Each structure stands twice: as C-alpha cells, then as structure tokens.
Amino acid sequence: MSECNHNCESCSQNCAERQDPQDLHEAPHPMSQIKHVIGVVSGKGGVGKSLVTSLLAVTMARRNLHTAILDADITGPSIPKIFGVTGRAQGNDEGIFPARSKTGIGMMSVNLLLENVTDPVVWRGPIIAGTVKQFWTQVMWGDVDYMFVDMPPGTGDVPLTVFQSIPLSGILIVTSPQELVSMIVSKAVKMAQMMNIPVLGLVENMSYVCCPDCGKEFALFGESHIDEVAKQFSLPVLARLPIDPKLASACDRGMIELFEGDWLEKAADRLENI
C-alpha cells in the first residue's frame, strides 16, 4: 500500500478514515417500541438529575404520553424511592418486566434487583456499564413515547455506554446557580458533541427559594449564571426549578406524581417538538 498523503480526493484506497463510522447502537428488547430517548446529564453530582428526570416523566405523562425511566445511576439509584415503588422486578424467559408507578410510568433500576435496597453496589466500571446496557436490551418496555435516562454524574463509563449503545434523541443538561456551572455545562456539551448527540437545552435546579409569606424569590446560592452559559453555547434555558420543601417531601414520601408546578412545561414543549 502506498504511503498516505492525507488527500482523500486523489486517493483510491478504502481505508478506515474514508468509511462511515461504525454504528454501535444496541437494539432494544423485541417487545419494546420506544420513540424518543432523552438523557438527563450533568458534569457533576448533587444538582438534581433524578429529580428533573422524575418531574419530566410525570409532566409528559400528564400530556397523555407513555413515559418510562431507565435509571442508569447504578451506584446511586433513587428513582424507585422517588416514585414509591418497592419490591423486586419480575421477569420470565423472554425478559424483565419494568416496574410501574401509580400512574403507569415504567422504570428499571438496580434497586429493583437487589435483595435489600440499602445494599451497596460495589462493582467495577465495565460491569456497571454492562448492566445499563442490559436495562435497554433485556427489559420489555412495551410502547413508550418518551424514555428518560437518569445518568450518573461526569463523563465516565456509563455516559459513554449510553451515548454509544442507546439511540438518544438528545440530552438535557441539569445545572445549579453556582459559578462553576460554566465548567459543568462545558464538559457535558463537549462530550455530547464528540458523540454527535443533540443538546436540547439547560435546566437549572435550586434556582431560587420563594418566601411563603410575601412570595418574593431569593437566590439562595447567589446570582444565576445560566443565561450567560446558555448564550455561550447557543442553548435554550428550558426551566428554572425552585428549592421547594413540598417537592422534597413528595420525593421522600414516594409521591412525586402529586407535585404541583408548571416549571417544566417549556421543556415538555421542546421535547414534543423533537
């Protein structure tokens, strides 16, 4: 073979650089018909991805859409607790049945497979990533209009596995008001760009707290920088969620489906327009 001159127009070789990139997407279970998959990500932990994931699933379900949640945060699963789902997942020779919330939202989480939900998941990265892939390929999800994937923080094995193995319609990036938000968003956006995944917008959690007496909003964590960051990356700000004790209580009691609030309606509109 002649030496490459890096000029593909004058070269007849069919080398790897000229070929289309290999599609690594895994097919879902044959009994799954999933229209859109939305990843909920962040560059760091503790910003409320599970809360945003749960609220999005409930918001879309209230629009008479079939929703589901794949809990990809294997070492810190919280989705079943937020929805008050207990017990272990069931299955048969054909696959695993997703658990169902009170309003019919399907979900799969490692906590639904453990004998005791307080048992730690002490697994190495490849095993964790393989488990997430099995949630996609071996769970009989049925008809789903919107599946939300609750990601672990960062850009490690699991986000890489999800981005490569699951055909995402796009991701939503969850942030907080602190100044380091620019770094958080930058990491998530750049990883998505590397993997050719659309970034649908930003959601800021813990944006403010509302005084129960006068109704005035206070920026508990300081001035928000979300608009500057959104402009930097040409992304829309789809929601600003408050610090709300009632919302926290609903999560603790497994009653997230009873929440009252329209914070995510703009995000829901964006998802319906994909």
# chains A, B, ... in the order shown; residues from 1 in each chain; ligands from 1
call {"tool": "select_by_dssp", "arguments": {"residues": "region 52-115 of chain A", "states": "strand (DSSP E or B)", "output": "list in words"}}
result
Thr67, Ala68, Ile69, Leu70, Asp71, Gly91, Asn92, Gly95, Ile96, Ala99, Arg100, Gly106, Met107 and Met108 of chain A
call {"tool": "write_last_selection", "arguments": {"atoms": "all heavy atoms", "output": "mmCIF file, in the first residue's frame"}}
result
data_model
loop_
_atom_site.group_PDB
_atom_site.id
_atom_site.type_symbol
_atom_site.label_atom_id
_atom_site.label_comp_id
_atom_site.auth_asym_id
_atom_site.auth_seq_id
_atom_site.Cartn_x
_atom_site.Cartn_y
_atom_site.Cartn_z
ATOM 1 N N THR A 67 -44.593 7.231 29.205
ATOM 2 C CA THR A 67 -43.230 7.572 29.593
ATOM 3 C C THR A 67 -42.599 6.448 30.401
ATOM 4 O O THR A 67 -43.282 5.605 30.988
ATOM 5 C CB THR A 67 -43.184 8.874 30.406
ATOM 6 O OG1 THR A 67 -43.924 8.713 31.622
ATOM 7 C CG2 THR A 67 -43.780 10.027 29.615
ATOM 8 N N ALA A 68 -41.265 6.453 30.419
ATOM 9 C CA ALA A 68 -40.518 5.447 31.168
ATOM 10 C C ALA A 68 -39.194 6.060 31.616
ATOM 11 O O ALA A 68 -38.738 7.071 31.057
ATOM 12 C CB ALA A 68 -40.275 4.200 30.321
ATOM 13 N N ILE A 69 -38.579 5.447 32.616
ATOM 14 C CA ILE A 69 -37.295 5.916 33.140
ATOM 15 C C ILE A 69 -36.330 4.740 33.233
ATOM 16 O O ILE A 69 -36.635 3.725 33.862
ATOM 17 C CB ILE A 69 -37.446 6.565 34.531
ATOM 18 C CG1 ILE A 69 -38.382 7.765 34.480
ATOM 19 C CG2 ILE A 69 -36.075 6.993 35.066
ATOM 20 C CD1 ILE A 69 -38.674 8.379 35.843
ATOM 21 N N LEU A 70 -35.173 4.898 32.609
ATOM 22 C CA LEU A 70 -34.081 3.950 32.770
ATOM 23 C C LEU A 70 -33.091 4.587 33.737
ATOM 24 O O LEU A 70 -32.458 5.595 33.410
ATOM 25 C CB LEU A 70 -33.431 3.655 31.415
ATOM 26 C CG LEU A 70 -32.439 2.495 31.338
ATOM 27 C CD1 LEU A 70 -32.269 2.027 29.890
ATOM 28 C CD2 LEU A 70 -31.070 2.871 31.900
ATOM 29 N N ASP A 71 -32.971 4.018 34.926
ATOM 30 C CA ASP A 71 -32.105 4.570 35.969
ATOM 31 C C ASP A 71 -30.690 4.060 35.736
ATOM 32 O O ASP A 71 -30.331 2.958 36.143
ATOM 33 C CB ASP A 71 -32.624 4.144 37.346
ATOM 34 C CG ASP A 71 -31.912 4.875 38.476
ATOM 35 O OD1 ASP A 71 -30.953 5.611 38.191
ATOM 36 O OD2 ASP A 71 -32.305 4.699 39.647
ATOM 37 N N GLY A 91 -39.738 -11.149 35.972
ATOM 38 C CA GLY A 91 -39.442 -11.458 34.583
ATOM 39 C C GLY A 91 -39.840 -12.872 34.226
ATOM 40 O O GLY A 91 -40.385 -13.614 35.050
ATOM 41 N N ASN A 92 -39.594 -13.243 32.984
ATOM 42 C CA ASN A 92 -39.822 -14.616 32.532
ATOM 43 C C ASN A 92 -38.725 -14.971 31.530
ATOM 44 O O ASN A 92 -37.705 -14.277 31.449
ATOM 45 C CB ASN A 92 -41.221 -14.767 31.924
ATOM 46 C CG ASN A 92 -41.469 -13.810 30.768
ATOM 47 O OD1 ASN A 92 -40.525 -13.375 30.092
ATOM 48 N ND2 ASN A 92 -42.730 -13.469 30.520
ATOM 49 N N GLY A 95 -37.719 -12.027 29.115
ATOM 50 C CA GLY A 95 -37.056 -10.811 29.559
ATOM 51 C C GLY A 95 -37.549 -10.347 30.912
ATOM 52 O O GLY A 95 -38.190 -11.094 31.663
ATOM 53 N N ILE A 96 -37.266 -9.082 31.219
ATOM 54 C CA ILE A 96 -37.602 -8.480 32.509
ATOM 55 C C ILE A 96 -38.744 -7.497 32.316
ATOM 56 O O ILE A 96 -38.764 -6.727 31.350
ATOM 57 C CB ILE A 96 -36.383 -7.759 33.108
ATOM 58 C CG1 ILE A 96 -35.184 -8.717 33.202
ATOM 59 C CG2 ILE A 96 -36.708 -7.188 34.480
ATOM 60 C CD1 ILE A 96 -33.885 -8.024 33.548
ATOM 61 N N ALA A 99 -40.885 -2.121 36.348
ATOM 62 C CA ALA A 99 -41.818 -1.770 37.423
ATOM 63 C C ALA A 99 -42.694 -0.619 36.952
ATOM 64 O O ALA A 99 -42.337 0.113 36.016
ATOM 65 C CB ALA A 99 -41.043 -1.375 38.677
ATOM 66 N N ARG A 100 -43.845 -0.454 37.579
ATOM 67 C CA ARG A 100 -44.779 0.600 37.186
ATOM 68 C C ARG A 100 -45.112 1.475 38.384
ATOM 69 O O ARG A 100 -45.333 0.982 39.484
ATOM 70 C CB ARG A 100 -46.077 -0.001 36.630
ATOM 71 C CG ARG A 100 -45.906 -0.826 35.368
ATOM 72 C CD ARG A 100 -45.693 0.055 34.156
ATOM 73 N NE ARG A 100 -45.402 -0.740 32.953
ATOM 74 C CZ ARG A 100 -45.082 -0.206 31.784
ATOM 75 N NH1 ARG A 100 -45.038 1.114 31.648
ATOM 76 N NH2 ARG A 100 -44.814 -0.982 30.752
ATOM 77 N N GLY A 106 -43.262 3.444 33.479
ATOM 78 C CA GLY A 106 -42.380 2.294 33.579
ATOM 79 C C GLY A 106 -41.002 2.704 34.069
ATOM 80 O O GLY A 106 -40.528 3.808 33.781
ATOM 81 N N MET A 107 -40.323 1.815 34.795
ATOM 82 C CA MET A 107 -38.977 2.129 35.277
ATOM 83 C C MET A 107 -38.185 0.867 35.539
ATOM 84 O O MET A 107 -38.736 -0.199 35.831
ATOM 85 C CB MET A 107 -39.045 2.981 36.549
ATOM 86 C CG MET A 107 -39.655 2.286 37.753
ATOM 87 S SD MET A 107 -39.908 3.435 39.125
ATOM 88 C CE MET A 107 -41.214 4.465 38.464
ATOM 89 N N MET A 108 -36.885 0.991 35.411
ATOM 90 C CA MET A 108 -35.976 -0.083 35.771
ATOM 91 C C MET A 108 -34.774 0.539 36.457
ATOM 92 O O MET A 108 -34.188 1.504 35.963
ATOM 93 C CB MET A 108 -35.535 -0.883 34.540
ATOM 94 C CG MET A 108 -34.569 -2.014 34.858
ATOM 95 S SD MET A 108 -35.100 -3.109 36.213
ATOM 96 C CE MET A 108 -36.631 -3.764 35.531
#
call {"tool": "residues_around", "arguments": {"residues": "region 39-42 of chain A", "least_positions_apart": "5", "cutoff": "6 Å", "atoms": "only C-alpha atoms", "output": "VMD selection string"}}
result
chain A and resid 148 to 151 153 171 to 174
call {"tool": "select_by_dssp", "arguments": {"residues": "region 42-193 of chain A", "states": "helix (DSSP H, G or I)", "output": "count of residues only"}}
result
56
call {"tool": "closest_residue", "arguments": {"among": "A:Leu200, A:Pro120, A:Thr161, A:Ile74", "to": "Ile274 (chain A)", "atoms": "only C-alpha atoms"}}
result
A:Leu200
call {"tool": "atom_distance", "arguments": {"atom1": "CA of Asp119 (chain A)", "atom2": "CA of His29 (chain A)"}}
result
28.0 Å
call {"tool": "residues_around", "arguments": {"residues": "Gln164 (chain A)", "least_positions_apart": "6", "cutoff": "9 Å", "atoms": "only C-alpha atoms", "output": "ChimeraX atom specification"}}
result
/A:23-26,195
call {"tool": "closest_residue", "arguments": {"among": "A:Cys214, A:Val117, A:Val37, A:Ala230", "to": "Val189 (chain A)", "atoms": "only C-alpha atoms"}}
result
A:Ala230
call {"tool": "residues_around", "arguments": {"residues": "Glu204 (chain A)", "least_positions_apart": "5", "cutoff": "10 Å", "atoms": "only C-alpha atoms", "output": "PyMOL selection string"}}
result
chain A and resi 47-48+52+173-177+181+224-226+237-242
call {"tool": "write_last_selection", "arguments": {"atoms": "all heavy atoms", "output": "tab-separated table (two decimals), in the first residue's frame"}}
result
chain	number	residue	atom	x	y	z
A	47	VAL	N	-26.75	17.91	41.64
A	47	VAL	CA	-27.50	19.02	41.07
A	47	VAL	C	-28.98	18.69	40.85
A	47	VAL	O	-29.76	19.56	40.47
A	47	VAL	CB	-26.88	19.50	39.73
A	47	VAL	CG1	-25.47	20.01	39.95
A	47	VAL	CG2	-26.88	18.38	38.71
A	48	GLY	N	-29.37	17.44	41.07
A	48	GLY	CA	-30.79	17.09	40.99
A	48	GLY	C	-31.22	16.44	39.69
A	48	GLY	O	-32.35	16.65	39.24
A	52	VAL	N	-35.13	16.04	38.28
A	52	VAL	CA	-35.54	16.56	36.98
A	52	VAL	C	-36.06	15.43	36.10
A	52	VAL	O	-37.08	15.58	35.41
A	52	VAL	CB	-34.37	17.30	36.31
A	52	VAL	CG1	-34.71	17.67	34.87
A	52	VAL	CG2	-34.00	18.55	37.11
A	173	ILE	N	-29.22	19.07	29.99
A	173	ILE	CA	-28.15	19.26	30.96
A	173	ILE	C	-28.71	19.98	32.18
A	173	ILE	O	-29.30	21.06	32.05
A	173	ILE	CB	-26.99	20.05	30.35
A	173	ILE	CG1	-26.42	19.31	29.14
A	173	ILE	CG2	-25.90	20.29	31.39
A	173	ILE	CD1	-25.33	20.06	28.41
A	174	VAL	N	-28.53	19.38	33.35
A	174	VAL	CA	-29.02	19.95	34.61
A	174	VAL	C	-27.87	20.68	35.29
A	174	VAL	O	-26.75	20.14	35.39
A	174	VAL	CB	-29.59	18.86	35.53
A	174	VAL	CG1	-30.14	19.48	36.81
A	174	VAL	CG2	-30.67	18.06	34.82
A	175	THR	N	-28.14	21.89	35.74
A	175	THR	CA	-27.11	22.71	36.37
A	175	THR	C	-27.64	23.28	37.68
A	175	THR	O	-28.81	23.12	38.03
A	175	THR	CB	-26.68	23.87	35.45
A	175	THR	OG1	-27.76	24.83	35.40
A	175	THR	CG2	-26.38	23.39	34.05
A	176	SER	N	-26.76	23.98	38.38
A	176	SER	CA	-27.13	24.73	39.58
A	176	SER	C	-26.60	26.16	39.42
A	176	SER	O	-25.82	26.43	38.51
A	176	SER	CB	-26.55	24.05	40.83
A	176	SER	OG	-25.15	23.89	40.69
A	177	PRO	N	-27.00	27.09	40.29
A	177	PRO	CA	-26.67	28.50	40.06
A	177	PRO	C	-25.22	28.89	40.32
A	177	PRO	O	-24.82	29.99	39.96
A	177	PRO	CB	-27.59	29.24	41.05
A	177	PRO	CG	-28.63	28.26	41.45
A	177	PRO	CD	-27.97	26.93	41.38
A	181	VAL	N	-20.93	26.52	37.16
A	181	VAL	CA	-21.87	25.98	36.18
A	181	VAL	C	-21.29	25.97	34.77
A	181	VAL	O	-21.55	25.07	33.98
A	181	VAL	CB	-23.20	26.77	36.21
A	181	VAL	CG1	-22.98	28.19	35.75
A	181	VAL	CG2	-24.24	26.11	35.33
A	224	SER	N	-27.61	33.79	39.43
A	224	SER	CA	-27.54	32.73	38.43
A	224	SER	C	-26.66	33.15	37.26
A	224	SER	O	-26.63	34.31	36.86
A	224	SER	CB	-28.94	32.40	37.92
A	224	SER	OG	-28.87	31.49	36.84
A	225	HIS	N	-25.93	32.15	36.71
A	225	HIS	CA	-25.10	32.39	35.54
A	225	HIS	C	-25.59	31.59	34.33
A	225	HIS	O	-24.89	31.47	33.32
A	225	HIS	CB	-23.65	32.00	35.85
A	225	HIS	CG	-23.05	32.77	36.98
A	225	HIS	ND1	-22.38	33.97	36.81
A	225	HIS	CD2	-23.03	32.53	38.31
A	225	HIS	CE1	-21.97	34.42	37.98
A	225	HIS	NE2	-22.34	33.56	38.90
A	226	ILE	N	-26.79	31.05	34.45
A	226	ILE	CA	-27.29	30.14	33.42
A	226	ILE	C	-27.48	30.82	32.07
A	226	ILE	O	-27.20	30.24	31.02
A	226	ILE	CB	-28.62	29.49	33.88
A	226	ILE	CG1	-29.05	28.38	32.93
A	226	ILE	CG2	-29.72	30.50	34.03
A	226	ILE	CD1	-28.44	27.08	33.19
A	237	VAL	N	-32.57	27.97	27.71
A	237	VAL	CA	-32.83	27.64	29.11
A	237	VAL	C	-34.29	27.19	29.19
A	237	VAL	O	-35.20	27.98	28.98
A	237	VAL	CB	-32.59	28.84	30.04
A	237	VAL	CG1	-32.92	28.46	31.49
A	237	VAL	CG2	-31.14	29.31	29.93
A	238	LEU	N	-34.49	25.92	29.48
A	238	LEU	CA	-35.83	25.34	29.40
A	238	LEU	C	-36.59	25.38	30.71
A	238	LEU	O	-37.81	25.23	30.72
A	238	LEU	CB	-35.74	23.89	28.89
A	238	LEU	CG	-35.17	23.72	27.48
A	238	LEU	CD1	-35.07	22.24	27.12
A	238	LEU	CD2	-36.02	24.46	26.46
A	239	ALA	N	-35.89	25.54	31.83
A	239	ALA	CA	-36.59	25.56	33.11
A	239	ALA	C	-35.67	26.07	34.21
A	239	ALA	O	-34.44	25.90	34.15
A	239	ALA	CB	-37.09	24.16	33.48
A	240	ARG	N	-36.29	26.69	35.20
A	240	ARG	CA	-35.61	27.07	36.45
A	240	ARG	C	-36.46	26.52	37.60
A	240	ARG	O	-37.58	26.96	37.79
A	240	ARG	CB	-35.48	28.58	36.56
A	240	ARG	CG	-34.48	29.21	35.60
A	240	ARG	CD	-34.44	30.73	35.78
A	240	ARG	NE	-33.34	31.37	35.08
A	240	ARG	CZ	-33.38	31.74	33.81
A	240	ARG	NH1	-34.50	31.54	33.10
A	240	ARG	NH2	-32.33	32.30	33.24
A	241	LEU	N	-35.91	25.55	38.32
A	241	LEU	CA	-36.66	24.91	39.39
A	241	LEU	C	-36.30	25.54	40.74
A	241	LEU	O	-35.11	25.78	41.02
A	241	LEU	CB	-36.35	23.41	39.45
A	241	LEU	CG	-37.21	22.49	38.57
A	241	LEU	CD1	-36.98	22.79	37.10
A	241	LEU	CD2	-36.91	21.03	38.86
A	242	PRO	N	-37.29	25.78	41.58
A	242	PRO	CA	-37.02	26.37	42.89
A	242	PRO	C	-36.60	25.33	43.92
A	242	PRO	O	-36.73	24.12	43.70
A	242	PRO	CB	-38.38	26.96	43.27
A	242	PRO	CG	-39.37	26.00	42.66
A	242	PRO	CD	-38.74	25.56	41.36
call {"tool": "residues_around", "arguments": {"residues": "Ser165 (chain A)", "least_positions_apart": "6", "cutoff": "12 Å", "atoms": "only C-alpha atoms", "output": "ChimeraX atom specification"}}
result
/A:22-28,37,129-130,132-137,157-159,195
call {"tool": "closest_residue", "arguments": {"among": "A:Leu202, A:Ala268, A:Leu114, A:Ile184", "to": "Ser234 (chain A)", "atoms": "only C-alpha atoms"}}
result
A:Leu202
call {"tool": "residues_around", "arguments": {"residues": "Gly170 (chain A)", "least_positions_apart": "5", "cutoff": "6 Å", "atoms": "only C-alpha atoms", "output": "MDAnalysis selection string"}}
result
chainID A and resid 38 197:200
call {"tool": "closest_residue", "arguments": {"among": "A:Asn273, A:Thr155, A:Phe163, A:Glu257", "to": "Arg62 (chain A)", "atoms": "only C-alpha atoms"}}
result
A:Glu257
call {"tool": "decode", "arguments": {"residues": "region 205-249 of chain A", "atoms": "N, CA and C atoms", "output": "PDB file, in the first residue's frame"}}
result
ATOM      1  N   ASN A 205     -31.557  23.798  38.408  1.00  0.00           N
ATOM      2  CA  ASN A 205     -32.215  23.359  39.644  1.00  0.00           C
ATOM      3  C   ASN A 205     -31.724  24.218  40.811  1.00  0.00           C
ATOM      4  N   MET A 206     -32.518  24.283  41.872  1.00  0.00           N
ATOM      5  CA  MET A 206     -32.184  25.087  43.062  1.00  0.00           C
ATOM      6  C   MET A 206     -31.943  26.548  42.685  1.00  0.00           C
ATOM      7  N   SER A 207     -32.725  27.019  41.736  1.00  0.00           N
ATOM      8  CA  SER A 207     -32.515  28.350  41.180  1.00  0.00           C
ATOM      9  C   SER A 207     -32.847  29.457  42.175  1.00  0.00           C
ATOM     10  N   TYR A 208     -33.888  29.233  42.977  1.00  0.00           N
ATOM     11  CA  TYR A 208     -34.329  30.261  43.925  1.00  0.00           C
ATOM     12  C   TYR A 208     -35.204  29.600  44.981  1.00  0.00           C
ATOM     13  N   VAL A 209     -35.478  30.349  46.028  1.00  0.00           N
ATOM     14  CA  VAL A 209     -36.440  29.916  47.033  1.00  0.00           C
ATOM     15  C   VAL A 209     -37.488  31.014  47.171  1.00  0.00           C
ATOM     16  N   CYS A 210     -38.731  30.599  47.255  1.00  0.00           N
ATOM     17  CA  CYS A 210     -39.836  31.560  47.301  1.00  0.00           C
ATOM     18  C   CYS A 210     -40.318  31.724  48.741  1.00  0.00           C
ATOM     19  N   CYS A 211     -40.372  32.968  49.226  1.00  0.00           N
ATOM     20  CA  CYS A 211     -40.837  33.236  50.585  1.00  0.00           C
ATOM     21  C   CYS A 211     -42.317  32.862  50.700  1.00  0.00           C
ATOM     22  N   PRO A 212     -42.686  32.025  51.671  1.00  0.00           N
ATOM     23  CA  PRO A 212     -44.083  31.609  51.794  1.00  0.00           C
ATOM     24  C   PRO A 212     -45.010  32.732  52.261  1.00  0.00           C
ATOM     25  N   ASP A 213     -44.443  33.801  52.812  1.00  0.00           N
ATOM     26  CA  ASP A 213     -45.263  34.902  53.317  1.00  0.00           C
ATOM     27  C   ASP A 213     -45.510  35.992  52.278  1.00  0.00           C
ATOM     28  N   CYS A 214     -44.421  36.448  51.633  1.00  0.00           N
ATOM     29  CA  CYS A 214     -44.572  37.566  50.692  1.00  0.00           C
ATOM     30  C   CYS A 214     -44.492  37.142  49.233  1.00  0.00           C
ATOM     31  N   GLY A 215     -44.039  35.905  48.985  1.00  0.00           N
ATOM     32  CA  GLY A 215     -43.936  35.429  47.607  1.00  0.00           C
ATOM     33  C   GLY A 215     -42.704  35.896  46.871  1.00  0.00           C
ATOM     34  N   LYS A 216     -41.837  36.647  47.530  1.00  0.00           N
ATOM     35  CA  LYS A 216     -40.625  37.145  46.878  1.00  0.00           C
ATOM     36  C   LYS A 216     -39.635  36.004  46.674  1.00  0.00           C
ATOM     37  N   GLU A 217     -38.929  36.036  45.546  1.00  0.00           N
ATOM     38  CA  GLU A 217     -37.946  35.000  45.241  1.00  0.00           C
ATOM     39  C   GLU A 217     -36.556  35.451  45.664  1.00  0.00           C
ATOM     40  N   PHE A 218     -35.826  34.554  46.315  1.00  0.00           N
ATOM     41  CA  PHE A 218     -34.474  34.834  46.765  1.00  0.00           C
ATOM     42  C   PHE A 218     -33.502  33.833  46.135  1.00  0.00           C
ATOM     43  N   ALA A 219     -32.380  34.353  45.624  1.00  0.00           N
ATOM     44  CA  ALA A 219     -31.348  33.496  45.036  1.00  0.00           C
ATOM     45  C   ALA A 219     -30.454  32.999  46.162  1.00  0.00           C
ATOM     46  N   LEU A 220     -30.802  31.857  46.715  1.00  0.00           N
ATOM     47  CA  LEU A 220     -30.129  31.333  47.896  1.00  0.00           C
ATOM     48  C   LEU A 220     -28.658  31.036  47.636  1.00  0.00           C
ATOM     49  N   PHE A 221     -28.335  30.602  46.433  1.00  0.00           N
ATOM     50  CA  PHE A 221     -26.953  30.250  46.104  1.00  0.00           C
ATOM     51  C   PHE A 221     -26.265  31.323  45.271  1.00  0.00           C
ATOM     52  N   GLY A 222     -26.782  32.531  45.330  1.00  0.00           N
ATOM     53  CA  GLY A 222     -26.167  33.619  44.598  1.00  0.00           C
ATOM     54  C   GLY A 222     -26.771  33.814  43.220  1.00  0.00           C
ATOM     55  N   GLU A 223     -26.271  34.813  42.550  1.00  0.00           N
ATOM     56  CA  GLU A 223     -26.798  35.172  41.233  1.00  0.00           C
ATOM     57  C   GLU A 223     -26.587  34.044  40.229  1.00  0.00           C
ATOM     58  N   SER A 224     -27.610  33.791  39.433  1.00  0.00           N
ATOM     59  CA  SER A 224     -27.538  32.733  38.434  1.00  0.00           C
ATOM     60  C   SER A 224     -26.657  33.147  37.257  1.00  0.00           C
ATOM     61  N   HIS A 225     -25.935  32.155  36.710  1.00  0.00           N
ATOM     62  CA  HIS A 225     -25.095  32.389  35.536  1.00  0.00           C
ATOM     63  C   HIS A 225     -25.591  31.587  34.328  1.00  0.00           C
ATOM     64  N   ILE A 226     -26.793  31.052  34.452  1.00  0.00           N
ATOM     65  CA  ILE A 226     -27.292  30.139  33.423  1.00  0.00           C
ATOM     66  C   ILE A 226     -27.481  30.822  32.069  1.00  0.00           C
ATOM     67  N   ASP A 227     -27.939  32.091  32.090  1.00  0.00           N
ATOM     68  CA  ASP A 227     -28.175  32.778  30.822  1.00  0.00           C
ATOM     69  C   ASP A 227     -26.873  33.032  30.065  1.00  0.00           C
ATOM     70  N   GLU A 228     -25.802  33.357  30.810  1.00  0.00           N
ATOM     71  CA  GLU A 228     -24.510  33.590  30.167  1.00  0.00           C
ATOM     72  C   GLU A 228     -23.995  32.308  29.519  1.00  0.00           C
ATOM     73  N   VAL A 229     -24.119  31.212  30.254  1.00  0.00           N
ATOM     74  CA  VAL A 229     -23.633  29.935  29.739  1.00  0.00           C
ATOM     75  C   VAL A 229     -24.472  29.483  28.549  1.00  0.00           C
ATOM     76  N   ALA A 230     -25.785  29.671  28.651  1.00  0.00           N
ATOM     77  CA  ALA A 230     -26.667  29.288  27.548  1.00  0.00           C
ATOM     78  C   ALA A 230     -26.314  30.063  26.283  1.00  0.00           C
ATOM     79  N   LYS A 231     -26.023  31.341  26.436  1.00  0.00           N
ATOM     80  CA  LYS A 231     -25.640  32.162  25.291  1.00  0.00           C
ATOM     81  C   LYS A 231     -24.309  31.703  24.719  1.00  0.00           C
ATOM     82  N   GLN A 232     -23.388  31.325  25.585  1.00  0.00           N
ATOM     83  CA  GLN A 232     -22.071  30.872  25.152  1.00  0.00           C
ATOM     84  C   GLN A 232     -22.160  29.663  24.235  1.00  0.00           C
ATOM     85  N   PHE A 233     -23.101  28.752  24.555  1.00  0.00           N
ATOM     86  CA  PHE A 233     -23.228  27.533  23.772  1.00  0.00           C
ATOM     87  C   PHE A 233     -24.447  27.541  22.856  1.00  0.00           C
ATOM     88  N   SER A 234     -25.133  28.672  22.755  1.00  0.00           N
ATOM     89  CA  SER A 234     -26.319  28.812  21.891  1.00  0.00           C
ATOM     90  C   SER A 234     -27.381  27.775  22.242  1.00  0.00           C
ATOM     91  N   LEU A 235     -27.672  27.651  23.548  1.00  0.00           N
ATOM     92  CA  LEU A 235     -28.653  26.690  24.031  1.00  0.00           C
ATOM     93  C   LEU A 235     -29.792  27.412  24.739  1.00  0.00           C
ATOM     94  N   PRO A 236     -31.011  26.877  24.659  1.00  0.00           N
ATOM     95  CA  PRO A 236     -32.120  27.494  25.389  1.00  0.00           C
ATOM     96  C   PRO A 236     -32.126  27.077  26.856  1.00  0.00           C
ATOM     97  N   VAL A 237     -32.566  27.973  27.710  1.00  0.00           N
ATOM     98  CA  VAL A 237     -32.825  27.635  29.114  1.00  0.00           C
ATOM     99  C   VAL A 237     -34.286  27.188  29.189  1.00  0.00           C
ATOM    100  N   LEU A 238     -34.492  25.923  29.479  1.00  0.00           N
ATOM    101  CA  LEU A 238     -35.835  25.342  29.397  1.00  0.00           C
ATOM    102  C   LEU A 238     -36.587  25.376  30.710  1.00  0.00           C
ATOM    103  N   ALA A 239     -35.890  25.543  31.826  1.00  0.00           N
ATOM    104  CA  ALA A 239     -36.589  25.561  33.114  1.00  0.00           C
ATOM    105  C   ALA A 239     -35.666  26.072  34.208  1.00  0.00           C
ATOM    106  N   ARG A 240     -36.290  26.691  35.200  1.00  0.00           N
ATOM    107  CA  ARG A 240     -35.614  27.066  36.446  1.00  0.00           C
ATOM    108  C   ARG A 240     -36.456  26.518  37.597  1.00  0.00           C
ATOM    109  N   LEU A 241     -35.910  25.552  38.321  1.00  0.00           N
ATOM    110  CA  LEU A 241     -36.658  24.907  39.394  1.00  0.00           C
ATOM    111  C   LEU A 241     -36.299  25.535  40.741  1.00  0.00           C
ATOM    112  N   PRO A 242     -37.295  25.780  41.582  1.00  0.00           N
ATOM    113  CA  PRO A 242     -37.020  26.369  42.891  1.00  0.00           C
ATOM    114  C   PRO A 242     -36.596  25.327  43.919  1.00  0.00           C
ATOM    115  N   ILE A 243     -36.086  25.804  45.039  1.00  0.00           N
ATOM    116  CA  ILE A 243     -35.930  24.962  46.223  1.00  0.00           C
ATOM    117  C   ILE A 243     -37.278  24.971  46.925  1.00  0.00           C
ATOM    118  N   ASP A 244     -37.965  23.853  46.922  1.00  0.00           N
ATOM    119  CA  ASP A 244     -39.331  23.781  47.434  1.00  0.00           C
ATOM    120  C   ASP A 244     -39.449  22.642  48.443  1.00  0.00           C
ATOM    121  N   PRO A 245     -39.661  22.951  49.719  1.00  0.00           N
ATOM    122  CA  PRO A 245     -39.776  21.883  50.728  1.00  0.00           C
ATOM    123  C   PRO A 245     -40.890  20.887  50.412  1.00  0.00           C
ATOM    124  N   LYS A 246     -41.968  21.337  49.789  1.00  0.00           N
ATOM    125  CA  LYS A 246     -43.060  20.431  49.451  1.00  0.00           C
ATOM    126  C   LYS A 246     -42.618  19.414  48.396  1.00  0.00           C
ATOM    127  N   LEU A 247     -41.803  19.876  47.455  1.00  0.00           N
ATOM    128  CA  LEU A 247     -41.297  18.985  46.418  1.00  0.00           C
ATOM    129  C   LEU A 247     -40.344  17.957  47.026  1.00  0.00           C
ATOM    130  N   ALA A 248     -39.487  18.416  47.936  1.00  0.00           N
ATOM    131  CA  ALA A 248     -38.572  17.493  48.610  1.00  0.00           C
ATOM    132  C   ALA A 248     -39.344  16.461  49.422  1.00  0.00           C
ATOM    133  N   SER A 249     -40.410  16.902  50.083  1.00  0.00           N
ATOM    134  CA  SER A 249     -41.232  15.987  50.875  1.00  0.00           C
ATOM    135  C   SER A 249     -41.926  14.961  49.990  1.00  0.00           C
TER     136      SER A 249
END
